[in-house]
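Trainee: Below is input14.csv; it holds CSV, C-alpha atoms and all ligand atoms.
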chain,number,residue,atom,x,y,z
A,26,MET,CA,0.0,0.0,0.0
A,27,THR,CA,1.2,3.5,-0.8
A,28,LYS,CA,2.6,5.3,2.2
A,29,ARG,CA,-0.2,7.8,2.5
A,30,MET,CA,-0.9,10.3,5.3
A,31,ILE,CA,-3.7,12.8,5.6
A,32,VAL,CA,-2.7,16.1,7.2
A,33,GLY,CA,-5.4,18.5,8.4
A,34,LEU,CA,-4.2,22.1,8.9
A,35,THR,CA,-6.5,24.4,10.8
A,36,GLY,CA,-6.5,28.0,12.0
A,37,ALA,CA,-4.7,27.4,15.3
A,38,SER,CA,-1.4,29.1,15.8
A,39,GLY,CA,1.6,26.9,14.9
A,40,SER,CA,1.2,26.0,11.3
A,41,THR,CA,4.9,25.7,11.2
A,42,TYR,CA,4.4,22.3,12.8
A,43,ALA,CA,2.4,21.1,9.8
A,44,LEU,CA,5.1,22.4,7.4
A,45,THR,CA,7.8,20.5,9.2
A,46,LEU,CA,5.6,17.4,9.3
A,47,MET,CA,5.0,17.7,5.5
A,48,ARG,CA,8.7,18.2,4.8
A,49,VAL,CA,9.7,15.2,6.8
A,50,LEU,CA,7.0,12.9,5.4
A,51,THR,CA,7.7,13.8,1.8
A,52,ALA,CA,11.4,13.4,2.3
A,53,LEU,CA,10.7,9.9,3.5
A,54,ASP,CA,8.6,9.3,0.3
A,55,TRP,CA,5.3,9.5,2.0
A,56,GLN,CA,2.4,10.9,0.0
A,57,VAL,CA,0.8,13.7,2.0
A,58,GLU,CA,-2.9,14.4,1.4
A,59,LEU,CA,-3.4,17.9,2.8
A,60,VAL,CA,-6.7,19.5,3.7
A,61,MET,CA,-6.6,23.1,5.0
A,62,SER,CA,-9.4,25.0,6.6
A,63,PRO,CA,-9.7,28.5,5.0
A,64,THR,CA,-8.5,30.1,8.3
A,65,GLY,CA,-5.7,27.5,8.5
A,66,GLU,CA,-4.3,28.6,5.1
A,67,LYS,CA,-4.5,32.2,6.1
A,68,VAL,CA,-2.8,31.7,9.4
A,69,LEU,CA,-0.1,29.6,7.7
A,70,THR,CA,0.7,32.4,5.3
A,71,TYR,CA,0.5,35.0,8.1
A,72,GLU,CA,2.8,33.1,10.5
A,73,THR,CA,5.3,31.6,8.0
A,74,GLY,CA,5.0,33.7,4.8
A,75,ILE,CA,4.7,30.4,2.9
A,76,GLU,CA,1.9,29.9,0.4
A,77,ARG,CA,0.5,26.7,-1.0
A,78,ALA,CA,2.5,27.1,-4.2
A,79,ALA,CA,5.7,26.6,-2.1
A,80,PHE,CA,4.6,23.3,-0.4
A,81,PRO,CA,7.0,20.4,-0.8
A,82,GLU,CA,6.7,18.1,-3.8
A,83,GLY,CA,4.6,15.1,-2.9
A,84,VAL,CA,1.9,17.2,-1.1
A,85,GLN,CA,-1.5,16.7,-2.7
A,86,ILE,CA,-4.0,19.4,-1.8
A,87,HIS,CA,-7.6,18.5,-1.3
A,88,GLU,CA,-10.0,21.5,-1.2
A,89,ASN,CA,-11.9,21.6,2.1
A,90,THR,CA,-15.2,22.2,0.2
A,91,ASN,CA,-14.8,19.1,-2.0
A,92,LEU,CA,-16.7,16.4,-0.3
A,93,PHE,CA,-16.3,14.3,-3.5
A,94,SER,CA,-12.6,14.0,-2.6
A,95,ALA,CA,-11.2,10.5,-2.1
A,96,LEU,CA,-10.6,11.4,1.6
A,97,ALA,CA,-14.3,11.5,2.2
A,98,SER,CA,-14.5,7.7,1.7
A,99,GLY,CA,-13.2,4.9,3.9
A,100,SER,CA,-12.6,2.9,0.8
A,101,TYR,CA,-9.6,5.1,0.1
A,102,ARG,CA,-6.8,3.6,2.1
A,103,THR,CA,-4.5,5.7,4.2
A,104,HIS,CA,-2.3,5.1,7.2
A,105,GLY,CA,-4.1,7.7,9.2
A,106,MET,CA,-4.5,11.4,9.8
A,107,VAL,CA,-2.8,14.1,11.8
A,108,VAL,CA,-4.7,17.3,12.5
A,109,ILE,CA,-1.9,19.8,13.2
A,110,PRO,CA,-2.2,22.4,14.5
A,111,CYS,CA,-5.8,21.7,15.7
A,112,SER,CA,-8.0,24.7,16.5
A,113,MET,CA,-10.6,24.5,19.2
A,114,ASN,CA,-13.2,25.0,16.5
A,115,THR,CA,-12.1,21.9,14.5
A,116,LEU,CA,-11.6,20.0,17.8
A,117,GLY,CA,-15.3,20.6,18.6
A,118,LEU,CA,-16.4,19.6,15.2
A,119,MET,CA,-14.5,16.4,15.3
A,120,ALA,CA,-15.7,15.6,18.8
A,121,THR,CA,-19.3,15.9,17.8
A,122,GLY,CA,-19.0,14.3,14.4
A,123,THR,CA,-20.3,17.5,12.7
A,124,GLY,CA,-18.9,19.8,10.0
A,125,ASP,CA,-19.9,19.7,6.4
A,126,HIS,CA,-16.4,20.1,5.0
A,127,LEU,CA,-13.7,17.7,4.0
A,128,LEU,CA,-11.3,18.1,7.0
A,129,ALA,CA,-14.0,17.1,9.5
A,130,ARG,CA,-15.3,14.3,7.3
A,131,ALA,CA,-11.8,12.8,6.8
A,132,ALA,CA,-11.4,12.8,10.6
A,133,GLN,CA,-14.7,10.9,11.0
A,134,VAL,CA,-13.7,8.5,8.3
A,135,THR,CA,-10.3,7.9,9.9
A,136,LEU,CA,-12.0,7.1,13.3
A,137,LYS,CA,-14.7,4.8,11.8
A,138,GLU,CA,-12.1,2.9,9.9
A,139,ARG,CA,-10.1,2.5,13.1
A,140,ARG,CA,-7.1,4.2,11.6
A,141,PRO,CA,-4.8,6.4,13.8
A,142,LEU,CA,-6.1,9.9,14.3
A,143,VAL,CA,-3.5,12.1,15.9
A,144,VAL,CA,-4.8,15.5,17.1
A,145,VAL,CA,-2.3,18.3,18.0
A,146,PRO,CA,-4.4,20.9,19.7
A,147,ARG,CA,-3.1,24.4,20.4
A,148,GLU,CA,-4.8,26.8,22.8
A,149,MET,CA,-3.9,28.3,26.1
A,150,PRO,CA,-5.6,28.0,28.5
A,151,TYR,CA,-8.2,25.3,27.8
A,152,ASN,CA,-11.7,25.8,28.9
A,153,ILE,CA,-13.9,22.9,30.1
A,154,ILE,CA,-15.5,22.5,26.7
A,155,HIS,CA,-12.1,22.1,25.1
A,156,LEU,CA,-11.1,19.5,27.7
A,157,GLU,CA,-14.3,17.6,27.3
A,158,ASN,CA,-14.0,17.6,23.5
A,159,MET,CA,-10.5,16.2,23.9
A,160,LEU,CA,-11.7,13.5,26.2
A,161,ARG,CA,-14.6,12.6,23.9
A,162,LEU,CA,-12.2,12.3,20.9
A,163,ALA,CA,-9.7,10.2,22.9
A,164,ARG,CA,-12.5,7.9,23.9
A,165,ALA,CA,-13.4,7.5,20.2
A,166,GLY,CA,-9.9,6.4,19.5
A,167,ALA,CA,-8.0,9.6,18.7
A,168,THR,CA,-4.6,10.3,20.3
A,169,ILE,CA,-4.4,13.8,21.7
A,170,MET,CA,-0.9,15.3,21.5
A,171,PRO,CA,-0.9,18.9,22.6
A,172,ALA,CA,1.8,21.1,21.0
A,173,SER,CA,3.9,20.9,24.1
A,174,PRO,CA,7.5,20.3,23.2
A,175,GLY,CA,9.8,18.8,25.8
A,176,PHE,CA,13.1,20.4,26.8
A,177,TYR,CA,15.1,17.3,27.8
A,178,HIS,CA,16.8,17.2,24.4
A,179,ARG,CA,18.2,20.6,25.2
A,180,PRO,CA,16.9,22.6,22.3
A,181,GLN,CA,19.1,25.3,20.9
A,182,GLU,CA,16.7,26.8,18.3
A,183,ILE,CA,13.0,27.1,17.8
A,184,GLN,CA,13.2,24.4,15.1
A,185,ASP,CA,14.5,22.0,17.7
A,186,LEU,CA,11.2,22.5,19.7
A,187,ILE,CA,9.1,22.0,16.5
A,188,ASN,CA,11.1,18.8,15.7
A,189,HIS,CA,10.3,17.4,19.1
A,190,VAL,CA,6.6,17.7,18.6
A,191,VAL,CA,6.7,16.5,15.0
A,192,GLY,CA,9.0,13.6,16.0
A,193,ARG,CA,6.6,12.5,18.7
A,194,VAL,CA,3.8,12.6,16.2
A,195,LEU,CA,5.8,10.4,13.8
A,196,ASP,CA,6.4,8.0,16.7
A,197,GLN,CA,2.7,7.3,16.8
A,198,PHE,CA,2.9,5.8,13.3
A,199,GLY,CA,6.1,4.0,13.9
A,200,ILE,CA,7.9,6.2,11.3
A,201,GLU,CA,11.7,6.2,11.8
A,202,HIS,CA,13.3,9.6,12.2
A,203,ALA,CA,16.2,11.5,13.8
A,204,LEU,CA,14.4,14.7,14.6
A,205,PHE,CA,15.6,14.8,18.2
A,206,GLN,CA,17.9,13.0,20.6
A,207,ARG,CA,15.8,10.4,22.5
A,208,TRP,CA,15.9,10.1,26.2
A,209,SER,CA,17.7,6.9,27.1
A,210,GLY,CA,18.0,7.3,30.8
A,211,LEU,CA,20.9,8.5,33.1
A,301,LIG,C1,-3.4,34.5,14.0
A,301,LIG,C2,-4.4,33.6,14.6
A,301,LIG,C3,-4.1,32.7,15.6
A,301,LIG,C4,-5.0,31.8,16.1
A,301,LIG,N1,-4.6,30.9,17.1
A,301,LIG,C5,-5.5,30.0,17.6
A,301,LIG,C6,-5.1,29.0,18.4
A,301,LIG,O1,-3.9,28.9,18.8
A,301,LIG,N2,-6.0,28.1,18.8
A,301,LIG,C7,-7.3,28.2,18.4
A,301,LIG,O2,-8.1,27.3,18.8
A,301,LIG,N3,-7.8,29.2,17.6
A,301,LIG,C8,-6.9,30.1,17.2
A,301,LIG,N4,-7.3,31.1,16.3
A,301,LIG,C9,-8.7,31.2,16.0
A,301,LIG,C10,-9.2,30.2,14.9
A,301,LIG,O3,-8.5,30.5,13.7
A,301,LIG,C11,-10.7,30.4,14.7
A,301,LIG,O4,-11.4,29.8,15.8
A,301,LIG,C12,-11.2,29.7,13.4
A,301,LIG,O5,-12.6,29.7,13.5
A,301,LIG,C13,-10.7,28.3,13.3
A,301,LIG,O6,-11.3,27.7,12.2
A,301,LIG,P1,-10.9,26.3,11.6
A,301,LIG,O7,-11.1,25.3,12.7
A,301,LIG,O8,-11.9,26.1,10.5
A,301,LIG,O9,-9.5,26.4,11.2
A,301,LIG,C14,-6.4,31.9,15.7
A,301,LIG,C15,-6.7,32.9,14.8
A,301,LIG,C16,-5.8,33.7,14.2
A,301,LIG,C17,-6.2,34.7,13.2
Would you write the structure of this file as structure tokens?

Mentor:
Amino acid sequence: MTKRMIVGLTGASGSTYALTLMRVLTALDWQVELVMSPTGEKVLTYETGIERAAFPEGVQIHENTNLFSALASGSYRTHGMVVIPCSMNTLGLMATGTGDHLLARAAQVTLKERRPLVVVPREMPYNIIHLENMLRLARAGATIMPASPGFYHRPQEIQDLINHVVGRVLDQFGIEHALFQRWSGL
């Protein structure tokens, strides 16, 4: 089966995480199936200056309005989906199974097919609704991985922090990488 990963990019801060994830996956010959919310694309350009035309080769963009996309069907095989960064809005949609756009639909498909759904929420602080939505999604099978990089690999640059989050996401799929120095005990 083709190495195929769905990446959902939403309007939370931290779209640079998604860029790094896409760069690493495509460098490892993964096919990235990207869905961006409209705000996600705007925040990406605002925060990074990067537009869709500059995405790495190997990234296939699916329009969020296109519910005829392959990603809307469980019969289209993928290795799973990462929603990164995940806004509280999209978190709520996924937790309730609502949302008439492709990103939310692809997440529901991923869950119903029992494929890994990794959600990287970004907000601070969380309110009770956010926390309940995360619990609901976790109970439905998703893995909640807040954008909370560790510091035990002694980061020197911002990219080291980004790599830690992205590397831990890749770990969820058993994808080999050397994005950070692993803790191996003292
Ligand atoms: C610059 C910027 C940063 C934002 N950061 C966050 C954030 O970190 N977390 C969040 O939940 N929403 C954040 N928002 C608000 C979301 O973009 C907004 O709730 C939007 O409706 C999300 O839509 P989406 O889920 O379709 O992407 C931010 C908005 C802007 C413009």

Trainee: Neighbouring residues of ligand LIG 301 (chain A) are defined here as those with any atom at most 6 Å from a ligand atom, counting all atoms listed in the file; list them as a list of chain:residue names.

Mentor: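 Residues satisfying the distance criterion: A:Thr35, A:Gly36, A:Ala37, A:Ser38, A:Ser62, A:Thr64, A:Gly65, A:Val68, A:Ser112, A:Met113, A:Asn114, A:Thr115, A:Arg147, A:Glu148.
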
Trainee: Env of A:Asn158: 10 Å cut, atoms = only C-alpha atoms, seq-sep filter 4 positions within chain, self excluded. Answer as a ChimeraX atom specification.

Mentor: /A:113,116-121,153-154,162-164

Trainee: Taking into account all atoms listed in the file, which residue in the set A:His104, A:Lys67, A:Arg179, A:Arg207 is nearest to A:Arg29?

Mentor: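 Of the candidates, the smallest distance to A:Arg29 is held by A:His104.
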
Trainee: Counting only C-alpha atoms, find residues at most 8 Å from (5.6, 15.9, 13.2) (file frame) and give them as number ranges by chain.

Mentor: A: 42-43, 45-47, 49, 187-195

Trainee: Set the distance at 12 Å and use all atoms listed in the file: which residues neighbour A:Ile75 once local chain neighbours fewer than 3 positions away are removed? I'd like the list as an mmCIF file with C-alpha atoms, keeping the file's coordinate frame.

Mentor:
data_model
loop_
_atom_site.group_PDB
_atom_site.id
_atom_site.type_symbol
_atom_site.label_atom_id
_atom_site.label_comp_id
_atom_site.auth_asym_id
_atom_site.auth_seq_id
_atom_site.Cartn_x
_atom_site.Cartn_y
_atom_site.Cartn_z
ATOM 1 C CA SER A 40 1.200 26.000 11.300
ATOM 2 C CA THR A 41 4.900 25.700 11.200
ATOM 3 C CA ALA A 43 2.400 21.100 9.800
ATOM 4 C CA LEU A 44 5.100 22.400 7.400
ATOM 5 C CA GLU A 66 -4.300 28.600 5.100
ATOM 6 C CA LYS A 67 -4.500 32.200 6.100
ATOM 7 C CA VAL A 68 -2.800 31.700 9.400
ATOM 8 C CA LEU A 69 -0.100 29.600 7.700
ATOM 9 C CA THR A 70 0.700 32.400 5.300
ATOM 10 C CA TYR A 71 0.500 35.000 8.100
ATOM 11 C CA GLU A 72 2.800 33.100 10.500
ATOM 12 C CA ALA A 78 2.500 27.100 -4.200
ATOM 13 C CA ALA A 79 5.700 26.600 -2.100
ATOM 14 C CA PHE A 80 4.600 23.300 -0.400
ATOM 15 C CA PRO A 81 7.000 20.400 -0.800
#

Trainee: Quote the spacing between atom CA of A:Arg48 and atom CA of A:Ile200 in Å to one decimal place.

Mentor: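 Computed distance, atom CA of A:Arg48 to atom CA of A:Ile200, equals 13.7 Å.
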
Trainee: Could you tell me how far atom CA of A:Val32 sits from atom CA of A:Pro63, in Å to one decimal place?

Mentor: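 If I compute the distance from atom CA of A:Pro63 to atom CA of A:Val32, I get 14.4 Å.
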
Trainee: Nearest residue to A:Thr73 out of A:Phe198, A:Tyr177, A:Ala203, A:Gly39, using all atoms listed in the file?

Mentor: A:Gly39

Trainee: Could you give me, as a tab-separated table (two decimals) with C-alpha atoms, in the coordinates of the input, the residues that sit within 9 Å of (-18.7, 18.5, 2.9) in the file's coordinates, counting only C-alpha atoms?

Mentor:
chain	number	residue	atom	x	y	z
A	89	ASN	CA	-11.90	21.60	2.10
A	90	THR	CA	-15.20	22.20	0.20
A	91	ASN	CA	-14.80	19.10	-2.00
A	92	LEU	CA	-16.70	16.40	-0.30
A	93	PHE	CA	-16.30	14.30	-3.50
A	97	ALA	CA	-14.30	11.50	2.20
A	124	GLY	CA	-18.90	19.80	10.00
A	125	ASP	CA	-19.90	19.70	6.40
A	126	HIS	CA	-16.40	20.10	5.00
A	127	LEU	CA	-13.70	17.70	4.00
A	128	LEU	CA	-11.30	18.10	7.00
A	129	ALA	CA	-14.00	17.10	9.50
A	130	ARG	CA	-15.30	14.30	7.30

Trainee: List the spatial neighbours of A:Leu186 as a compact mmCIF listing (two decimals) with C-alpha atoms, in the frame of the given file - criterion: any atom at most 8 Å away, all atoms listed in the file, same-chain residues fewer than 5 positions off excluded.

Mentor:
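For reference, out-v4.txt as written:
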# COMPACT_ATOMS: atom_id res chain seq x y z
CA PRO A 174 7.50 20.30 23.20
CA GLY A 175 9.80 18.80 25.80
CA PHE A 176 13.10 20.40 26.80
CA PRO A 180 16.90 22.60 22.30

Trainee: Would you mind reading off the distance between atom CA of A:Ser173 and atom CA of A:Asp185, one decimal, in Å?

Mentor: 12.4 Å

Trainee: With all atoms listed in the file as the basis for distance, which of A:Met149, A:Val84, A:Val108, A:Met61 is at the shortest distance from A:Ala167?

Mentor: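 Distance minimum relative to A:Ala167 lands on A:Val108.
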